[in-house]
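A quick write-up on the structure given underneath.
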Amino acid sequence: VKMDSSATDCSASRFTGEGSHEPVIDFVKRLTKKPVVGVGRFTSPDAMVSQIRRGILDLIGGARPSIADPFLPRKIKEGRLDEIRECIGCNICISSWHDSVPVRCTQNPTAGEEWRSGWHPEHVDRVAQAERILVVGAGPAGLECALTLGRRGHQVTLVESERTVGGRLSFETRLPGLSAWGRVRDYRLGRLKLMTNVEMFLSSPVGVDEILELAPDRVVVATGARWTRMLYASMEIPVGQLDHPQVFTPDDIAAGRLPEGPTLLFDFDNYYMGGVLTEHLASQGISVTYATPAGHASAWTIMTNELPLVHRALAKRRIPVITLHLLSAFDGETATLKHLFTGEEVWLTCRSVVIVGLRTPRGELVAALEDRAADVAGAGVRSIERAGDALAPGAIVHAVHSGHRVAREIDLSEKPAPYRRDFPIVGTADVGDAGAAGGWASTRGK
Ligand SMILES: Cc1cc2nc3c(=O)[nH]c(=O)nc-3n(C[C@H](O)[C@H](O)[C@H](O)COP(=O)(O)O)c2cc1C
Ligand code: SF4
């Protein structure tokens, strides 16, 4: 038994807790003697046992929990609970389904890559010759990279300039509804702490001199990205920074710099950050208006089943939502918004603006290493790679995947082609195993 629509059946942790189907499906066992199986983002064995003991379900089903950790049942059976890679309820997986693209998972970078890249969720090939690898940055990409390098048997040093690990997660998991996302950090940290071949140093910013002194065989730069004050024109063409002392980015707010209200939050990132930050500012007592060129608040969250609940959350706090408008100017007292299609202007009285839009990689370390390429090569460093947002700013899922890929491929003499893919063969005579009447074959990187 499950719920009526994808949005309620497969709801995100931002708005819905574990076992949320219970009040809707608890009557079913009274109507049948047949075994009843249900779902509800079950990740904790206690929640599963509770529903069985209380006679709600006979069997526990898990769609997302098994995407995040296909070995979840075995780990429970063998009492390896600390090893479970718990689903965080971000719903990136269901967004792939809505998009008709291969599945992706924030917690499990091997999801969807089992066949096409040959990545096993639990096993990685160990290296014959361990190398000393420095990973700079302990955000989602750096943590995943260090963990996978460690599993492969490399000697890993993970350095983080902040006092805590997690990178962007350190701030984002404190935003309304996002605490479960901390599992991305906590799972990896828990595993890393058990590894004798991985050392971790916090509050340790490194530059070229420190790297030359350490003289690792390889360097992975996973230093993340920063939000900018850039504005876009209607065709998503950057039109320049909005420079004013009262213009903020999510990084300012993460650093504890709160804008003075009334505030306009202008969002053209369109995933969760604009909506959740608006809620956060309102919860701090700041009067805030949300504006976006998209048709809805946090428009891309339609893909993660969150959009209706984002609107509901903003409405609950009585936050005005302006859609289909671009921000064109701000003078410290008035923000000018232009209708996306008619160009008609509206003016909003506000003391500050928060822009949630473009991010750029923190590329200073890579640039500095490139500037001193001869010294770096002289120190014996064979390669410098970027991972995660430092390579291409994206969602957390992309950072984890990128960190994992770098760790799997860093020491290969030849980089593998991106992935194997299926292609249909229609009506050809010689199709080998696929059969004369057509069928499916596979190729890697063609
Ligand atoms: C990637 C993905 C694809 C899904 N595809 C289907 C589907 O094709 N048909 C369906 O009835 N439910 C589908 N579901 C919903 C699941 O079957 C399940 O009911 C839902 O995810 C709630 O279970 P969970 O909390 O264990 O994830 C899908 C869920 C995910 C995450
Ligand atoms: S993508 Fe997110 S919601 Fe889906 S299984 Fe992975 S962690 Fe869970």
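Ordered as shown in the structure tokens, chains take letters A, B, and onward, while each chain numbers its residues from 1 and ligands are numbered from 1 in the order shown.
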Kindly compile the residues surrounding ligand 2 within 9 Å, counting only C-alpha atoms and all ligand atoms, and format them as a PyMOL selection string.
chain A and resi 10-13+41+63-69+85-96+103-109+111+181+183-184+304+397
Keeping only C-alpha atoms, write the selected residues to a file as a PDB file, in the first residue's frame.
ATOM      1  CA  CYS A  10       7.498  10.189  -2.210  1.00  0.00           C
ATOM      2  CA  SER A  11       7.653  13.301  -0.056  1.00  0.00           C
ATOM      3  CA  ALA A  12      10.850  15.125   0.821  1.00  0.00           C
ATOM      4  CA  SER A  13      12.355  15.227   4.315  1.00  0.00           C
ATOM      5  CA  ARG A  41      11.304   6.610   3.661  1.00  0.00           C
ATOM      6  CA  ALA A  63      12.403   2.697  -2.516  1.00  0.00           C
ATOM      7  CA  ARG A  64      14.635   5.647  -1.617  1.00  0.00           C
ATOM      8  CA  PRO A  65      16.336   3.978   1.363  1.00  0.00           C
ATOM      9  CA  SER A  66      17.460   1.191  -0.983  1.00  0.00           C
ATOM     10  CA  ILE A  67      18.648   3.623  -3.633  1.00  0.00           C
ATOM     11  CA  ALA A  68      20.767   5.371  -1.004  1.00  0.00           C
ATOM     12  CA  ASP A  69      22.007   2.030   0.320  1.00  0.00           C
ATOM     13  CA  ARG A  85      24.156   5.220   4.140  1.00  0.00           C
ATOM     14  CA  GLU A  86      20.819   6.721   5.161  1.00  0.00           C
ATOM     15  CA  CYS A  87      18.613   8.443   2.598  1.00  0.00           C
ATOM     16  CA  ILE A  88      18.453  12.172   3.316  1.00  0.00           C
ATOM     17  CA  GLY A  89      15.047  12.672   1.688  1.00  0.00           C
ATOM     18  CA  CYS A  90      16.276  15.271  -0.814  1.00  0.00           C
ATOM     19  CA  ASN A  91      14.339  13.614  -3.673  1.00  0.00           C
ATOM     20  CA  ILE A  92      17.018  14.089  -6.285  1.00  0.00           C
ATOM     21  CA  CYS A  93      16.279  10.458  -7.245  1.00  0.00           C
ATOM     22  CA  ILE A  94      12.644  11.186  -8.048  1.00  0.00           C
ATOM     23  CA  SER A  95      13.730  14.286  -9.976  1.00  0.00           C
ATOM     24  CA  SER A  96      15.658  11.946 -12.315  1.00  0.00           C
ATOM     25  CA  VAL A 103      18.734   7.872 -11.595  1.00  0.00           C
ATOM     26  CA  ARG A 104      21.014   9.960  -9.374  1.00  0.00           C
ATOM     27  CA  CYS A 105      21.298   9.856  -5.593  1.00  0.00           C
ATOM     28  CA  THR A 106      22.905  12.419  -3.303  1.00  0.00           C
ATOM     29  CA  GLN A 107      24.011   9.846  -0.752  1.00  0.00           C
ATOM     30  CA  ASN A 108      24.959   7.065  -3.167  1.00  0.00           C
ATOM     31  CA  PRO A 109      27.063   8.261  -6.107  1.00  0.00           C
ATOM     32  CA  ALA A 111      23.295   4.733  -8.072  1.00  0.00           C
ATOM     33  CA  TRP A 181      20.874  16.466   4.888  1.00  0.00           C
ATOM     34  CA  ARG A 183      23.709  12.624   6.940  1.00  0.00           C
ATOM     35  CA  VAL A 184      25.822  13.302   3.824  1.00  0.00           C
ATOM     36  CA  THR A 304      11.696  17.007  -6.126  1.00  0.00           C
ATOM     37  CA  VAL A 397      24.399  15.301  -5.531  1.00  0.00           C
TER      38      VAL A 397
END
Excluding range 377-391 of chain A and its own-chain neighbours fewer than 4 positions away, which residues fall within 9 Å of it when counting only C-alpha atoms? Please give them as a ChimeraX atom specification.
/A:139-142,145,211-226,359-363,366,369,372-373,395-396,398-406,410
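Among A:Ala313, A:Leu31, A:Met235, A:Leu59, the residue with the shortest atom-to-atom distance to ligand 1, counting only C-alpha atoms and all ligand atoms, is A:Leu59.
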Run DSSP on the backbone and grab whatever in range 112-331 of chain A lands in strand (DSSP E); send it over as a PyMOL selection string.
chain A and resi 132-136+155-159+198-201+218-221+225-227+230-232+238-241+247-248+263-267+288-291+321-322+325-330
Can you pull out every residue from range 122-159 of chain A that DSSP, working from the backbone, puts in helix (DSSP H, G or I), and format the result as a ChimeraX atom specification?
/A:140-151
Could you save those same residues with C-alpha atoms as a JSON list (two decimals), in the first residue's frame?
[["chain", "number", "residue", "atom", "x", "y", "z"],
["A", 140, "PRO", "CA", 30.51, 16.89, 0.23],
["A", 141, "ALA", "CA", 33.00, 16.38, -2.65],
["A", 142, "GLY", "CA", 36.14, 16.34, -0.49],
["A", 143, "LEU", "CA", 34.64, 13.95, 2.08],
["A", 144, "GLU", "CA", 33.43, 11.52, -0.58],
["A", 145, "CYS", "CA", 36.74, 11.74, -2.44],
["A", 146, "ALA", "CA", 38.80, 11.12, 0.72],
["A", 147, "LEU", "CA", 36.56, 8.22, 1.72],
["A", 148, "THR", "CA", 36.76, 6.50, -1.65],
["A", 149, "LEU", "CA", 40.51, 7.12, -1.96],
["A", 150, "GLY", "CA", 40.91, 5.67, 1.53],
["A", 151, "ARG", "CA", 38.88, 2.60, 0.58]]
Counting only C-alpha atoms and all ligand atoms, which residue out of A:Arg53, A:His98, A:Lys34, A:Arg116 sits closest to ligand 1?
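Using only C-alpha atoms and all ligand atoms, ligand 1 sits closest to A:His98.
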Quick one: everything within 7 Å of Gln246 in chain A, counting only C-alpha atoms, minus sequence neighbours fewer than 4 positions away in the same chain. Send it as a count of residues only.
3
So that I can check the surroundings of His296 in chain A, please list as a tab-separated table (two decimals) with N, CA, C and O atoms, in the first residue's frame every protein, DNA and RNA residue that reaches within 10 Å of it, counting only C-alpha atoms and ignoring chain neighbours fewer than 5 positions away.
chain	number	residue	atom	x	y	z
A	270	ASN	N	16.57	29.11	-8.41
A	270	ASN	CA	15.32	28.37	-8.59
A	270	ASN	C	15.27	26.97	-8.00
A	270	ASN	O	14.29	26.24	-8.23
A	291	ALA	N	11.09	37.23	-4.74
A	291	ALA	CA	10.81	37.52	-6.16
A	291	ALA	C	11.66	36.61	-7.04
A	291	ALA	O	12.79	36.25	-6.68
A	301	THR	N	11.94	22.91	-7.74
A	301	THR	CA	11.53	21.91	-6.76
A	301	THR	C	10.25	21.18	-7.17
A	301	THR	O	9.83	20.25	-6.48
A	302	ILE	N	9.68	21.54	-8.30
A	302	ILE	CA	8.60	20.71	-8.85
A	302	ILE	C	9.16	19.31	-9.13
A	302	ILE	O	8.47	18.31	-9.04
A	307	LEU	N	7.58	21.60	-4.48
A	307	LEU	CA	7.10	22.93	-4.85
A	307	LEU	C	5.81	23.36	-4.14
A	307	LEU	O	5.77	24.45	-3.56
A	308	PRO	N	4.76	22.52	-4.11
A	308	PRO	CA	3.54	22.97	-3.44
A	308	PRO	C	3.80	23.29	-1.97
A	308	PRO	O	3.21	24.23	-1.42
A	310	VAL	N	6.67	24.29	-0.66
A	310	VAL	CA	7.45	25.53	-0.56
A	310	VAL	C	6.47	26.70	-0.54
A	310	VAL	O	6.53	27.58	0.32
A	311	HIS	N	5.52	26.69	-1.48
A	311	HIS	CA	4.53	27.78	-1.53
A	311	HIS	C	3.72	27.83	-0.24
A	311	HIS	O	3.43	28.90	0.29
A	321	VAL	N	5.00	36.71	-2.59
A	321	VAL	CA	5.76	36.04	-3.65
A	321	VAL	C	5.48	36.75	-4.97
A	321	VAL	O	4.33	36.88	-5.37
A	322	ILE	N	6.54	37.25	-5.61
A	322	ILE	CA	6.40	37.92	-6.91
A	322	ILE	C	7.07	37.02	-7.94
A	322	ILE	O	8.26	36.73	-7.84
A	323	THR	N	6.30	36.56	-8.94
A	323	THR	CA	6.88	35.71	-9.99
A	323	THR	C	7.00	36.49	-11.30
A	323	THR	O	6.43	37.58	-11.45
A	324	LEU	N	7.74	35.93	-12.24
A	324	LEU	CA	7.88	36.48	-13.60
A	324	LEU	C	8.49	37.88	-13.61
A	324	LEU	O	8.21	38.67	-14.51
List as a ChimeraX atom specification the protein and nucleic acid residues near Pro176 in chain A, meaning an atom at most 8 Å away when only C-alpha atoms are counted, but skip any in the same chain fewer than 2 places from it.
/A:14,173-174,178-179,276,279-280
Would you compute the distance between CA of Thr16 in chain A and CA of Ile52 in chain A? Give it in Å to one decimal.
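Distance reported for this atom pair: 20.5 Å.
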Measuring between only C-alpha atoms and all ligand atoms, which one of A:Thr349, A:Thr342, A:Thr43, A:Ser203 shows the shortest distance to ligand 1?
A:Thr43
Considering only C-alpha atoms and all ligand atoms, can you say which of A:Gly62, A:Pro35, A:Gly166, A:Gly394 comes closest to ligand 1?
A:Gly62
With distances taken over only C-alpha atoms, which residue among A:Trp300, A:Ser44, A:Pro102, A:Ala7 lies nearest Lys75 in chain A?
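Among A:Trp300, A:Ser44, A:Pro102, A:Ala7, it is A:Ser44 that comes nearest to Lys75 in chain A.
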Selected residue of minimal separation from Pro418 in chain A among A:Pro245, A:Leu258, A:Thr164, A:Glu113, counting only C-alpha atoms
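Ranked by minimum distance to Pro418 in chain A, first place goes to A:Glu113.
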So which residues touch Val356 in chain A within 12 Å, counting only C-alpha atoms, skipping near sequence neighbours fewer than 4 positions away, as an NGL selection string?
:A and (226-232 or 247-253 or 264-278 or 290-293 or 298 or 327)
